[in-house]
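**Student:** File coords08.txt below, compact mmCIF, C-alpha atoms:
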# COMPACT_ATOMS: atom_id res chain seq x y z
CA MET A 1 0.00 0.00 0.00
CA SER A 2 2.77 2.43 0.91
CA GLU A 3 4.52 1.64 -2.39
CA THR A 4 1.31 2.47 -4.27
CA LYS A 5 1.02 5.77 -2.43
CA ASN A 6 4.63 6.62 -3.24
CA ASN A 7 4.04 5.86 -6.91
CA LEU A 8 0.91 8.04 -6.95
CA ALA A 9 2.78 10.87 -5.25
CA ALA A 10 5.62 10.60 -7.76
CA LEU A 11 3.12 10.59 -10.63
CA ALA A 12 1.38 13.65 -9.21
CA ALA A 13 4.71 15.44 -8.88
CA ASP A 14 5.57 14.62 -12.49
CA VAL A 15 2.19 15.90 -13.68
CA GLU A 16 2.60 19.11 -11.68
CA ALA A 17 6.07 19.63 -13.13
CA VAL A 18 4.76 19.21 -16.68
CA LEU A 19 1.89 21.60 -16.01
CA GLY A 20 4.31 24.08 -14.46
CA ARG A 21 6.52 24.00 -17.54
CA ARG A 22 3.50 24.48 -19.78
CA ARG A 23 2.32 27.44 -17.69
CA SER A 24 5.82 28.91 -17.84
CA ARG A 25 5.92 28.54 -21.64
CA SER A 26 2.44 30.02 -21.90
CA ALA A 27 3.40 33.00 -19.73
CA ALA A 28 6.55 33.52 -21.79
CA ALA A 29 4.54 33.41 -24.99
CA ILE A 30 2.03 35.95 -23.64
CA SER A 31 4.89 38.19 -22.50
CA TRP A 32 6.49 38.02 -25.95
CA VAL A 33 3.20 38.90 -27.66
CA ARG A 34 2.78 41.91 -25.37
CA GLU A 35 6.33 43.05 -26.06
CA ALA A 36 5.74 42.77 -29.81
CA ALA A 37 2.23 44.23 -29.79
CA LEU A 38 3.19 47.24 -31.92
CA LEU A 39 5.10 45.27 -34.55
CA PRO A 40 2.03 44.74 -36.78
CA VAL A 41 1.39 48.50 -36.69
CA LEU A 42 4.99 49.19 -37.68
CA VAL A 43 4.77 46.68 -40.53
CA VAL A 44 1.59 48.36 -41.82
CA LEU A 45 3.29 51.78 -41.67
CA LEU A 46 6.32 50.49 -43.57
CA VAL A 47 4.13 48.98 -46.28
CA VAL A 48 1.99 52.11 -46.58
CA GLY A 49 5.08 54.31 -46.66
CA ALA A 50 6.73 52.22 -49.37
CA ILE A 51 3.56 52.41 -51.48
CA LEU A 52 3.10 56.16 -51.05
CA ASN A 53 6.70 57.25 -51.55
CA SER A 54 9.56 55.43 -53.24
CA HIS A 55 12.09 57.32 -51.09
CA PHE A 56 10.59 56.06 -47.83
CA LEU A 57 12.56 52.80 -47.51
CA THR A 58 15.88 54.11 -48.78
CA VAL A 59 18.92 53.83 -46.50
CA SER A 60 19.36 57.59 -46.27
CA ASN A 61 15.76 58.13 -45.22
CA ILE A 62 15.73 55.33 -42.64
CA THR A 63 18.98 56.54 -41.06
CA GLY A 64 17.58 60.07 -41.12
CA ILE A 65 14.55 58.87 -39.16
CA GLY A 66 16.90 57.19 -36.70
CA GLN A 67 18.86 60.38 -36.16
CA GLN A 68 15.67 62.41 -35.68
CA VAL A 69 14.16 60.10 -33.05
CA ALA A 70 17.35 59.10 -31.22
CA ALA A 71 17.23 62.01 -28.75
CA LEU A 72 13.52 61.43 -28.11
CA GLY A 73 14.23 57.73 -27.59
CA VAL A 74 16.81 58.41 -24.88
CA VAL A 75 14.28 60.55 -22.99
CA VAL A 76 11.66 57.81 -23.42
CA VAL A 77 14.04 55.34 -21.71
CA GLY A 78 14.23 57.70 -18.73
CA GLU A 79 10.49 58.36 -18.54
CA SER A 80 9.75 54.65 -18.86
CA LEU A 81 11.90 53.94 -15.80
CA VAL A 82 9.95 56.55 -13.83
CA LEU A 83 6.62 55.12 -15.01
CA LEU A 84 7.73 51.61 -13.99
CA ILE A 85 8.03 52.74 -10.34
CA ALA A 86 4.52 54.24 -10.65
CA GLY A 87 6.00 57.74 -10.82
CA LEU A 88 5.71 60.65 -13.22
CA ASP A 89 8.25 63.22 -14.38
CA LEU A 90 7.05 66.09 -16.53
CA SER A 91 10.28 68.01 -16.02
CA LEU A 92 12.36 65.79 -18.31
CA GLU A 93 11.48 68.05 -21.22
CA SER A 94 12.96 71.05 -19.41
CA THR A 95 16.08 69.14 -18.35
CA TYR A 96 16.39 68.17 -22.02
CA GLY A 97 16.70 71.89 -22.80
CA LEU A 98 18.36 73.40 -19.72
CA ALA A 99 21.29 70.98 -19.34
CA PRO A 100 22.71 71.53 -22.85
CA MET A 101 21.85 75.23 -22.64
CA ILE A 102 23.97 75.80 -19.52
CA ALA A 103 26.82 73.75 -20.97
CA ALA A 104 26.74 75.56 -24.33
CA TRP A 105 26.45 78.95 -22.61
CA LEU A 106 29.64 78.23 -20.67
CA ILE A 107 31.49 76.94 -23.74
CA VAL A 108 30.80 79.33 -26.63
CA PRO A 109 32.04 82.95 -26.90
CA VAL A 110 29.94 86.02 -26.22
CA ALA A 111 29.54 86.57 -29.96
CA ALA A 112 27.73 83.21 -30.12
CA PHE A 113 25.51 84.16 -27.14
CA GLY A 114 27.70 82.48 -24.54
CA ASP A 115 28.93 84.04 -21.30
CA GLY A 116 32.54 84.17 -22.48
CA LEU A 117 34.11 81.63 -20.10
CA LEU A 118 35.09 79.43 -23.07
CA LEU A 119 35.21 76.22 -21.04
CA SER A 120 36.44 72.97 -22.54
CA PRO A 121 33.64 71.09 -24.34
CA TYR A 122 34.48 68.01 -22.30
CA LEU A 123 34.05 69.95 -19.06
CA GLY A 124 30.82 71.30 -20.53
CA ILE A 125 29.55 67.75 -21.02
CA LEU A 126 30.36 66.94 -17.38
CA ILE A 127 28.43 70.04 -16.32
CA LEU A 128 25.54 68.94 -18.52
CA LEU A 129 25.42 65.56 -16.76
CA ALA A 130 25.68 67.26 -13.36
CA VAL A 131 22.73 69.55 -14.18
CA GLY A 132 20.68 66.52 -15.16
CA ALA A 133 21.62 64.67 -11.98
CA ALA A 134 20.84 67.70 -9.81
CA ALA A 135 17.39 68.15 -11.36
CA GLY A 136 16.59 64.48 -10.84
CA LEU A 137 17.89 64.49 -7.28
CA ALA A 138 15.74 67.54 -6.45
CA ASN A 139 12.67 65.82 -7.88
CA GLY A 140 13.43 62.57 -6.07
CA LEU A 141 13.99 64.18 -2.68
CA LEU A 142 10.88 66.35 -2.90
CA ILE A 143 8.68 63.47 -4.01
CA VAL A 144 10.13 60.57 -2.01
CA LYS A 145 11.43 62.22 1.16
CA GLY A 146 9.22 65.29 1.12
CA ARG A 147 6.16 63.19 0.21
CA LEU A 148 4.93 65.84 -2.21
CA ASN A 149 2.70 65.13 -5.18
CA GLY A 150 4.86 63.99 -8.09
CA PHE A 151 2.73 65.64 -10.75
CA ILE A 152 2.81 69.06 -9.06
CA VAL A 153 6.51 68.83 -8.15
CA THR A 154 7.63 67.96 -11.67
CA LEU A 155 5.22 70.49 -13.20
CA GLY A 156 6.72 73.22 -11.02
CA MET A 157 10.23 72.00 -11.84
CA THR A 158 9.35 72.06 -15.56
CA ILE A 159 8.40 75.73 -15.42
CA LEU A 160 11.36 76.65 -13.18
CA LEU A 161 13.96 74.98 -15.40
CA ALA A 162 12.40 76.35 -18.59
CA GLY A 163 12.52 79.86 -17.13
CA ILE A 164 16.20 79.48 -16.25
CA GLN A 165 16.92 78.09 -19.72
CA ASP A 166 15.37 81.09 -21.43
CA GLY A 167 16.61 83.63 -18.91
CA ILE A 168 20.34 82.96 -18.88
CA VAL A 169 20.60 83.61 -22.62
CA LYS A 170 17.88 86.29 -22.75
CA GLY A 171 15.94 84.32 -25.35
CA GLN A 172 18.92 83.80 -27.66
CA ALA A 173 20.24 80.50 -29.06
CA PRO A 174 23.94 79.73 -28.45
CA PHE A 175 25.55 78.43 -31.64
CA ASN A 176 28.98 77.61 -33.07
CA LEU A 177 29.18 74.56 -30.81
CA PRO A 178 32.56 72.76 -30.67
CA THR A 179 32.81 69.50 -32.61
CA ALA A 180 33.37 67.47 -29.45
CA PHE A 181 30.23 68.88 -27.83
CA GLY A 182 28.05 68.16 -30.86
CA TYR A 183 29.58 64.76 -31.62
CA LEU A 184 26.74 62.59 -30.27
CA GLY A 185 24.15 64.37 -32.36
CA ALA A 186 26.09 65.11 -35.54
CA ALA A 187 28.66 62.34 -36.13
CA SER A 188 28.11 59.11 -38.07
CA PHE A 189 29.81 55.75 -38.54
CA GLY A 190 29.46 55.35 -42.27
CA VAL A 191 25.77 55.99 -42.90
CA VAL A 192 24.70 55.15 -39.32
CA PRO A 193 24.34 58.17 -36.97
CA VAL A 194 26.21 57.90 -33.67
CA SER A 195 23.10 59.15 -31.88
CA LEU A 196 21.11 56.18 -33.20
CA ILE A 197 23.80 53.74 -32.05
CA VAL A 198 23.83 55.30 -28.58
CA ALA A 199 20.03 55.20 -28.34
CA VAL A 200 19.91 51.53 -29.36
CA VAL A 201 22.63 50.64 -26.87
CA LEU A 202 20.77 52.44 -24.07
CA PHE A 203 17.53 50.64 -24.89
CA VAL A 204 19.28 47.26 -24.94
CA LEU A 205 21.30 47.82 -21.76
CA THR A 206 18.28 49.17 -19.88
CA GLY A 207 16.16 46.23 -21.03
CA LEU A 208 18.80 43.74 -19.86
CA PHE A 209 19.19 45.64 -16.59
CA LEU A 210 15.46 45.51 -15.89
CA ARG A 211 15.21 41.82 -16.74
CA TYR A 212 18.31 40.41 -15.08
CA HIS A 213 19.65 42.81 -12.44
CA ARG A 214 18.22 42.69 -8.92
CA ILE A 215 17.65 46.45 -8.90
CA GLY A 216 15.89 46.18 -12.26
CA ARG A 217 13.56 43.53 -10.85
CA ALA A 218 13.12 45.68 -7.74
CA ILE A 219 11.91 48.54 -9.95
CA TYR A 220 9.08 46.33 -11.22
CA ALA A 221 8.31 45.23 -7.67
CA ILE A 222 8.13 48.83 -6.43
CA GLY A 223 5.81 49.81 -9.26
CA GLY A 224 3.61 46.78 -8.68
CA ASN A 225 3.22 47.15 -4.91
CA ARG A 226 5.42 49.59 -3.06
CA GLU A 227 4.59 48.41 0.45
CA ALA A 228 5.04 44.75 -0.44
CA ALA A 229 8.43 45.61 -1.95
CA ARG A 230 9.38 47.44 1.24
CA ALA A 231 8.29 44.46 3.33
CA ALA A 232 10.46 42.21 1.14
CA GLY A 233 13.53 44.21 2.14
CA ILE A 234 13.87 46.31 -1.00
CA LYS A 235 15.29 49.78 -0.36
CA VAL A 236 12.33 51.47 -1.95
CA ASP A 237 13.16 55.12 -1.27
CA ARG A 238 16.77 54.84 -2.42
CA ILE A 239 15.78 53.13 -5.67
CA ARG A 240 12.99 55.61 -6.40
CA ILE A 241 15.34 58.57 -5.95
CA GLY A 242 17.94 56.81 -8.09
CA VAL A 243 15.40 56.32 -10.88
CA TYR A 244 14.54 60.05 -10.91
CA VAL A 245 18.25 60.90 -11.10
CA ALA A 246 18.89 58.38 -13.89
CA ALA A 247 15.89 59.64 -15.88
CA SER A 248 17.07 63.25 -15.69
CA VAL A 249 20.62 62.33 -16.70
CA LEU A 250 19.20 60.49 -19.70
CA ALA A 251 17.10 63.55 -20.57
CA ALA A 252 20.26 65.68 -20.43
CA ILE A 253 22.02 63.25 -22.79
CA GLY A 254 19.05 63.40 -25.14
CA GLY A 255 19.26 67.20 -25.09
CA LEU A 256 22.97 67.00 -25.92
CA MET A 257 22.12 64.83 -28.95
CA GLU A 258 19.51 67.28 -30.16
CA ALA A 259 21.86 70.23 -29.71
CA GLY A 260 24.50 68.44 -31.77
CA ARG A 261 22.01 67.52 -34.48
CA VAL A 262 20.90 71.12 -35.05
CA SER A 263 24.28 72.73 -34.10
CA SER A 264 22.61 75.04 -31.61
CA VAL A 265 20.60 75.12 -28.39
CA ALA A 266 17.31 76.93 -28.90
CA PRO A 267 15.76 78.65 -25.87
CA THR A 268 12.63 76.64 -26.66
CA GLN A 269 14.38 73.25 -26.86
CA GLY A 270 12.36 70.76 -24.85
CA TYR A 271 9.72 72.74 -22.98
CA GLY A 272 8.87 75.10 -25.82
CA GLU A 273 8.54 72.17 -28.21
CA GLY A 274 6.35 70.17 -25.83
CA ILE A 275 8.35 66.97 -26.30
CA ILE A 276 6.95 65.46 -23.11
CA PHE A 277 3.74 64.65 -24.99
CA SER A 278 5.65 62.60 -27.55
CA VAL A 279 7.64 60.96 -24.76
CA PHE A 280 4.50 59.82 -22.94
CA ALA A 281 2.85 58.79 -26.20
CA ALA A 282 5.80 56.59 -27.18
CA ALA A 283 6.00 54.96 -23.75
CA VAL A 284 2.28 54.33 -23.32
CA ILE A 285 1.52 53.03 -26.81
CA GLY A 286 4.58 50.84 -26.30
CA GLY A 287 2.88 49.17 -23.34
CA VAL A 288 4.49 50.91 -20.35
CA SER A 289 1.77 51.10 -17.71
CA LEU A 290 0.94 54.46 -16.16
CA GLN A 291 0.09 52.53 -12.98
CA GLY A 292 3.60 51.17 -12.67
CA GLY A 293 5.18 47.72 -12.61
CA ARG A 294 4.53 46.74 -16.24
CA GLY A 295 6.28 47.51 -19.48
CA ASN A 296 9.59 46.91 -21.20
CA MET A 297 12.14 48.55 -23.46
CA VAL A 298 11.05 46.59 -26.54
CA GLY A 299 7.62 48.20 -26.37
CA ALA A 300 9.02 51.65 -25.55
CA ALA A 301 11.40 51.47 -28.51
CA SER A 302 8.53 50.38 -30.76
CA GLY A 303 6.58 53.45 -29.68
CA VAL A 304 9.50 55.73 -30.56
CA ILE A 305 9.91 54.10 -33.98
CA LEU A 306 6.19 54.43 -34.67
CA LEU A 307 6.20 58.17 -33.95
CA GLY A 308 9.29 58.62 -36.12
CA LEU A 309 7.79 56.74 -39.06
CA VAL A 310 4.53 58.67 -38.87
CA GLN A 311 6.29 62.05 -38.77
CA ASN A 312 8.61 61.13 -41.62
CA LEU A 313 5.76 59.88 -43.79
CA LEU A 314 3.85 63.11 -43.20
CA ASP A 315 6.93 65.14 -44.12
CA LEU A 316 7.54 63.15 -47.32
CA GLU A 317 3.95 63.58 -48.38
CA ASN A 318 4.00 67.29 -47.61
CA ALA A 319 1.00 67.01 -45.33
CA PRO A 320 -0.54 70.42 -44.53
CA ASN A 321 0.90 71.76 -41.26
CA TYR A 322 -2.55 72.50 -39.91
CA TRP A 323 -3.50 68.80 -40.20
CA ILE A 324 -0.29 67.22 -38.90
CA GLU A 325 -1.21 67.31 -35.20
CA ALA A 326 -4.64 65.83 -35.89
CA ILE A 327 -3.12 63.03 -37.97
CA ASP A 328 -0.47 62.37 -35.29
CA GLY A 329 -3.14 62.10 -32.61
CA GLY A 330 -5.29 59.80 -34.71
CA VAL A 331 -2.39 57.46 -35.46
CA ILE A 332 -1.44 57.32 -31.77
CA LEU A 333 -5.00 56.43 -30.75
CA PHE A 334 -5.23 53.80 -33.48
CA ALA A 335 -1.90 52.28 -32.45
CA LEU A 336 -2.95 52.23 -28.79
CA ILE A 337 -6.23 50.47 -29.60
CA LEU A 338 -4.51 47.93 -31.85
CA ALA A 339 -1.81 47.28 -29.24
CA ARG A 340 -4.58 46.70 -26.67
CA VAL A 341 -6.30 44.19 -28.94
CA ILE A 342 -3.06 42.34 -29.73
CA GLY A 343 -1.17 42.69 -26.48
CA GLY A 344 -3.91 42.58 -23.89
CA GLU A 345 -4.48 44.65 -20.76
CA ALA A 346 -0.82 45.49 -20.13
CA SER A 347 -0.65 47.54 -23.29
CA ALA A 348 -3.57 49.71 -22.40
CA GLU A 349 -2.63 51.25 -19.09
Would you mind giving the structure from this file in structure tokens?
**Tutor:**
Amino acid sequence: MSETKNNLAALAADVEAVLGRRRSRSAAAISWVREAALLPVLVVLLVVGAILNSHFLTVSNITGIGQQVAALGVVVVGESLVLLIAGLDLSLESTYGLAPMIAAWLIVPVAAFGDGLLLSPYLGILILLAVGAAAGLANGLLIVKGRLNGFIVTLGMTILLAGIQDGIVKGQAPFNLPTAFGYLGAASFGVVPVSLIVAVVLFVLTGLFLRYHRIGRAIYAIGGNREAARAAGIKVDRIRIGVYVAASVLAAIGGLMEAGRVSSVAPTQGYGEGIIFSVFAAAVIGGVSLQGGRGNMVGAASGVILLGLVQNLLDLENAPNYWIEAIDGGVILFALILARVIGGEASAE
């Protein structure tokens, strides 16, 4: 009798193991589908673009799209990290403008609307990173330690930083940027822009970090249930502050790319252009949840690519300027609905 019971127990264990493996494969398959939810939309856009304009799928045009969206993509990586911890940072668009503005202002001569210090471009880049880190640290401390509302804090920080950006140059745009300072945004390896390479590397490294590093997994845990994460021994406050700092540094790097691409820093760069709307659009249609704890870099990158393809197609077809925003909004809504249908609930929040 005991031998029969042992056999039954062993059989039950084998069955449970098989079922567990099947559930694991099923979960992995569902996760992959959610990550790739925007791919059908991208394929449709590529086909439509190729039909409408023969120049659309040329190497020069595709690399041009990559260069145009690279800076936006770097900011999307930062905002996605903040969203994953169930946070919100509106001020990234102002950091995107202020950090390169201060650096350029300290580097270029008075004749190019600088302050005349003529600092080394390499020192200017360090200052740019420091400005980004300081903005993120201020946000993190006010929100996490000060327990202030994240939306209001980052909104106030957005306006403050934008005012400083415009004020220090009195509405002028520093130009004549040194080659070293503009390298990330202007240089290319063959036909591939350096900015695109950097953006891809950041997406890949951040995705691997979130999937395999303990702090990356902790970010998901904090976004999913902050108190449960705290009870599990995760240093919630330290990680949340670190995420705000990392996001702002990434926004500063994105601003450096944009400054290099256009060879100037406009007083309206970032805040005046309203890039935060595109940043949120790319992240959310890519499946990053506004409620925290769900999303990935594959989806976020897909959202960035989608926005870039739509804008490029509109430019190639010479769409009337007064209809571009309406078309952009319609495409975003369509992509979000389609991603919801394909990818499930995680793509909709």
**Student:** What's around Ala247 (chain A) at 9 Å? Count only C-alpha atoms, leave out sequence neighbours fewer than 5 positions away in its own chain, and write the answer as a PyMOL selection string.
**Tutor:** chain A and resi 75-82+89+92+132-133+136+242+252
**Student:** Of the residues A:Val236, A:Val204, A:Leu52, A:Ala103, which is the one nearest to Phe175 (chain A), using all atoms listed in the file?
**Tutor:**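 Nearest to Phe175 (chain A): A:Ala103.
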**Student:** Every residue with an atom at most 10 Å from (18.3, 58.7, -33.8) (file coordinates; only C-alpha atoms) is what I'm after, so could you write them as a PyMOL selection string?
**Tutor:** chain A and resi 62-74+184-185+192-200+254+257-258+261+304-305+308
**Student:** Restrict the calculation to only C-alpha atoms, then for each residue of region 232-347 of chain A with any atom at most 12 Å from an atom of region 117-130 of chain A give the closest atom pair and their distance in Å to one decimal, rows by chain and rising residue number, as JSON lines.
**Tutor:**
{"residue": "A:Val245", "atom": "CA", "partner": "A:Ala130", "partner_atom": "CA", "distance": 10.0}
{"residue": "A:Ala246", "atom": "CA", "partner": "A:Leu129", "partner_atom": "CA", "distance": 10.1}
{"residue": "A:Ala247", "atom": "CA", "partner": "A:Leu129", "partner_atom": "CA", "distance": 11.3}
{"residue": "A:Ser248", "atom": "CA", "partner": "A:Leu129", "partner_atom": "CA", "distance": 8.7}
{"residue": "A:Val249", "atom": "CA", "partner": "A:Leu129", "partner_atom": "CA", "distance": 5.8}
{"residue": "A:Leu250", "atom": "CA", "partner": "A:Leu129", "partner_atom": "CA", "distance": 8.5}
{"residue": "A:Ala251", "atom": "CA", "partner": "A:Leu129", "partner_atom": "CA", "distance": 9.4}
{"residue": "A:Ala252", "atom": "CA", "partner": "A:Leu129", "partner_atom": "CA", "distance": 6.3}
{"residue": "A:Ile253", "atom": "CA", "partner": "A:Leu129", "partner_atom": "CA", "distance": 7.3}
{"residue": "A:Gly254", "atom": "CA", "partner": "A:Leu129", "partner_atom": "CA", "distance": 10.7}
{"residue": "A:Gly255", "atom": "CA", "partner": "A:Leu128", "partner_atom": "CA", "distance": 9.3}
{"residue": "A:Leu256", "atom": "CA", "partner": "A:Leu128", "partner_atom": "CA", "distance": 8.1}
{"residue": "A:Met257", "atom": "CA", "partner": "A:Ile125", "partner_atom": "CA", "distance": 11.3}
{"residue": "A:Ala259", "atom": "CA", "partner": "A:Leu128", "partner_atom": "CA", "distance": 11.9}
{"residue": "A:Gly260", "atom": "CA", "partner": "A:Ile125", "partner_atom": "CA", "distance": 11.9}
**Student:** Could you check which residues have any atom within 9 Å of (4.4, 68.2, -9.3), counting all atoms listed in the file with coordinates taken straight from the file, and then list them as a ChimeraX atom specification?
**Tutor:** /A:88-91,139,143,148-158
**Student:** Give me the residues near Asn53 (chain A) as a ChimeraX atom specification, where near means some atom within 12 Å (using all atoms listed in the file) and where sequence neighbours in that chain fewer than 2 positions away do not count.
**Tutor:** /A:45-51,55-58,61,312-318
**Student:** Quick one: write out the picked residues with C-alpha atoms as a compact mmCIF listing (two decimals), in the frame of the given file?
**Tutor:**
# COMPACT_ATOMS: atom_id res chain seq x y z
CA LEU A 45 3.29 51.78 -41.67
CA LEU A 46 6.32 50.49 -43.57
CA VAL A 47 4.13 48.98 -46.28
CA VAL A 48 1.99 52.11 -46.58
CA GLY A 49 5.08 54.31 -46.66
CA ALA A 50 6.73 52.22 -49.37
CA ILE A 51 3.56 52.41 -51.48
CA HIS A 55 12.09 57.32 -51.09
CA PHE A 56 10.59 56.06 -47.83
CA LEU A 57 12.56 52.80 -47.51
CA THR A 58 15.88 54.11 -48.78
CA ASN A 61 15.76 58.13 -45.22
CA ASN A 312 8.61 61.13 -41.62
CA LEU A 313 5.76 59.88 -43.79
CA LEU A 314 3.85 63.11 -43.20
CA ASP A 315 6.93 65.14 -44.12
CA LEU A 316 7.54 63.15 -47.32
CA GLU A 317 3.95 63.58 -48.38
CA ASN A 318 4.00 67.29 -47.61
**Student:** Using all atoms listed in the file, find the one residue out of A:Leu38, A:Ala111, A:Val44, A:Ala162 that sits nearest to Thr268 (chain A).
**Tutor:**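 Using all atoms listed in the file, Thr268 (chain A) sits closest to A:Ala162.
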**Student:** Please produce region 151-174 of chain A, completed to N, CA and C atoms, as a PDB file, in the frame of the given file.
**Tutor:**
ATOM      1  N   PHE A 151       3.191  64.863  -9.607  1.00  0.00           N
ATOM      2  CA  PHE A 151       2.730  65.640 -10.750  1.00  0.00           C
ATOM      3  C   PHE A 151       3.002  67.126 -10.532  1.00  0.00           C
ATOM      4  N   ILE A 152       2.641  67.633  -9.346  1.00  0.00           N
ATOM      5  CA  ILE A 152       2.810  69.060  -9.060  1.00  0.00           C
ATOM      6  C   ILE A 152       4.286  69.417  -8.955  1.00  0.00           C
ATOM      7  N   VAL A 153       5.081  68.560  -8.298  1.00  0.00           N
ATOM      8  CA  VAL A 153       6.510  68.830  -8.150  1.00  0.00           C
ATOM      9  C   VAL A 153       7.180  68.938  -9.520  1.00  0.00           C
ATOM     10  N   THR A 154       6.946  67.961 -10.377  1.00  0.00           N
ATOM     11  CA  THR A 154       7.630  67.960 -11.670  1.00  0.00           C
ATOM     12  C   THR A 154       7.058  69.024 -12.611  1.00  0.00           C
ATOM     13  N   LEU A 155       5.781  69.378 -12.426  1.00  0.00           N
ATOM     14  CA  LEU A 155       5.220  70.490 -13.200  1.00  0.00           C
ATOM     15  C   LEU A 155       5.905  71.798 -12.810  1.00  0.00           C
ATOM     16  N   GLY A 156       6.027  72.023 -11.490  1.00  0.00           N
ATOM     17  CA  GLY A 156       6.720  73.220 -11.020  1.00  0.00           C
ATOM     18  C   GLY A 156       8.165  73.243 -11.473  1.00  0.00           C
ATOM     19  N   MET A 157       8.830  72.081 -11.413  1.00  0.00           N
ATOM     20  CA  MET A 157      10.230  72.000 -11.840  1.00  0.00           C
ATOM     21  C   MET A 157      10.347  72.266 -13.345  1.00  0.00           C
ATOM     22  N   THR A 158       9.359  71.805 -14.112  1.00  0.00           N
ATOM     23  CA  THR A 158       9.350  72.060 -15.560  1.00  0.00           C
ATOM     24  C   THR A 158       9.376  73.552 -15.850  1.00  0.00           C
ATOM     25  N   ILE A 159       8.504  74.285 -15.187  1.00  0.00           N
ATOM     26  CA  ILE A 159       8.400  75.730 -15.420  1.00  0.00           C
ATOM     27  C   ILE A 159       9.650  76.448 -14.920  1.00  0.00           C
ATOM     28  N   LEU A 160      10.158  76.028 -13.749  1.00  0.00           N
ATOM     29  CA  LEU A 160      11.360  76.650 -13.180  1.00  0.00           C
ATOM     30  C   LEU A 160      12.557  76.473 -14.113  1.00  0.00           C
ATOM     31  N   LEU A 161      12.806  75.254 -14.549  1.00  0.00           N
ATOM     32  CA  LEU A 161      13.960  74.980 -15.400  1.00  0.00           C
ATOM     33  C   LEU A 161      13.835  75.677 -16.757  1.00  0.00           C
ATOM     34  N   ALA A 162      12.615  75.682 -17.293  1.00  0.00           N
ATOM     35  CA  ALA A 162      12.400  76.350 -18.590  1.00  0.00           C
ATOM     36  C   ALA A 162      12.662  77.848 -18.467  1.00  0.00           C
ATOM     37  N   GLY A 163      12.270  78.436 -17.350  1.00  0.00           N
ATOM     38  CA  GLY A 163      12.520  79.860 -17.130  1.00  0.00           C
ATOM     39  C   GLY A 163      14.000  80.165 -17.036  1.00  0.00           C
ATOM     40  N   ILE A 164      14.749  79.300 -16.349  1.00  0.00           N
ATOM     41  CA  ILE A 164      16.200  79.480 -16.250  1.00  0.00           C
ATOM     42  C   ILE A 164      16.845  79.334 -17.628  1.00  0.00           C
ATOM     43  N   GLN A 165      16.379  78.340 -18.381  1.00  0.00           N
ATOM     44  CA  GLN A 165      16.920  78.090 -19.720  1.00  0.00           C
ATOM     45  C   GLN A 165      16.776  79.314 -20.619  1.00  0.00           C
ATOM     46  N   ASP A 166      15.625  79.931 -20.574  1.00  0.00           N
ATOM     47  CA  ASP A 166      15.370  81.090 -21.430  1.00  0.00           C
ATOM     48  C   ASP A 166      16.052  82.337 -20.872  1.00  0.00           C
ATOM     49  N   GLY A 167      16.107  82.417 -19.536  1.00  0.00           N
ATOM     50  CA  GLY A 167      16.610  83.630 -18.910  1.00  0.00           C
ATOM     51  C   GLY A 167      18.096  83.838 -19.027  1.00  0.00           C
ATOM     52  N   ILE A 168      18.886  82.771 -18.896  1.00  0.00           N
ATOM     53  CA  ILE A 168      20.340  82.960 -18.880  1.00  0.00           C
ATOM     54  C   ILE A 168      20.882  83.436 -20.226  1.00  0.00           C
ATOM     55  N   VAL A 169      20.146  83.168 -21.296  1.00  0.00           N
ATOM     56  CA  VAL A 169      20.600  83.610 -22.620  1.00  0.00           C
ATOM     57  C   VAL A 169      19.714  84.721 -23.184  1.00  0.00           C
ATOM     58  N   LYS A 170      18.777  85.201 -22.346  1.00  0.00           N
ATOM     59  CA  LYS A 170      17.880  86.290 -22.750  1.00  0.00           C
ATOM     60  C   LYS A 170      17.146  85.979 -24.064  1.00  0.00           C
ATOM     61  N   GLY A 171      16.716  84.730 -24.190  1.00  0.00           N
ATOM     62  CA  GLY A 171      15.940  84.320 -25.350  1.00  0.00           C
ATOM     63  C   GLY A 171      16.743  84.033 -26.596  1.00  0.00           C
ATOM     64  N   GLN A 172      18.070  84.057 -26.499  1.00  0.00           N
ATOM     65  CA  GLN A 172      18.920  83.800 -27.660  1.00  0.00           C
ATOM     66  C   GLN A 172      19.295  82.313 -27.727  1.00  0.00           C
ATOM     67  N   ALA A 173      19.861  81.903 -28.862  1.00  0.00           N
ATOM     68  CA  ALA A 173      20.240  80.500 -29.060  1.00  0.00           C
ATOM     69  C   ALA A 173      21.751  80.400 -29.262  1.00  0.00           C
ATOM     70  N   PRO A 174      22.488  79.910 -28.271  1.00  0.00           N
ATOM     71  CA  PRO A 174      23.940  79.730 -28.450  1.00  0.00           C
ATOM     72  C   PRO A 174      24.227  78.818 -29.647  1.00  0.00           C
TER      73      PRO A 174
END
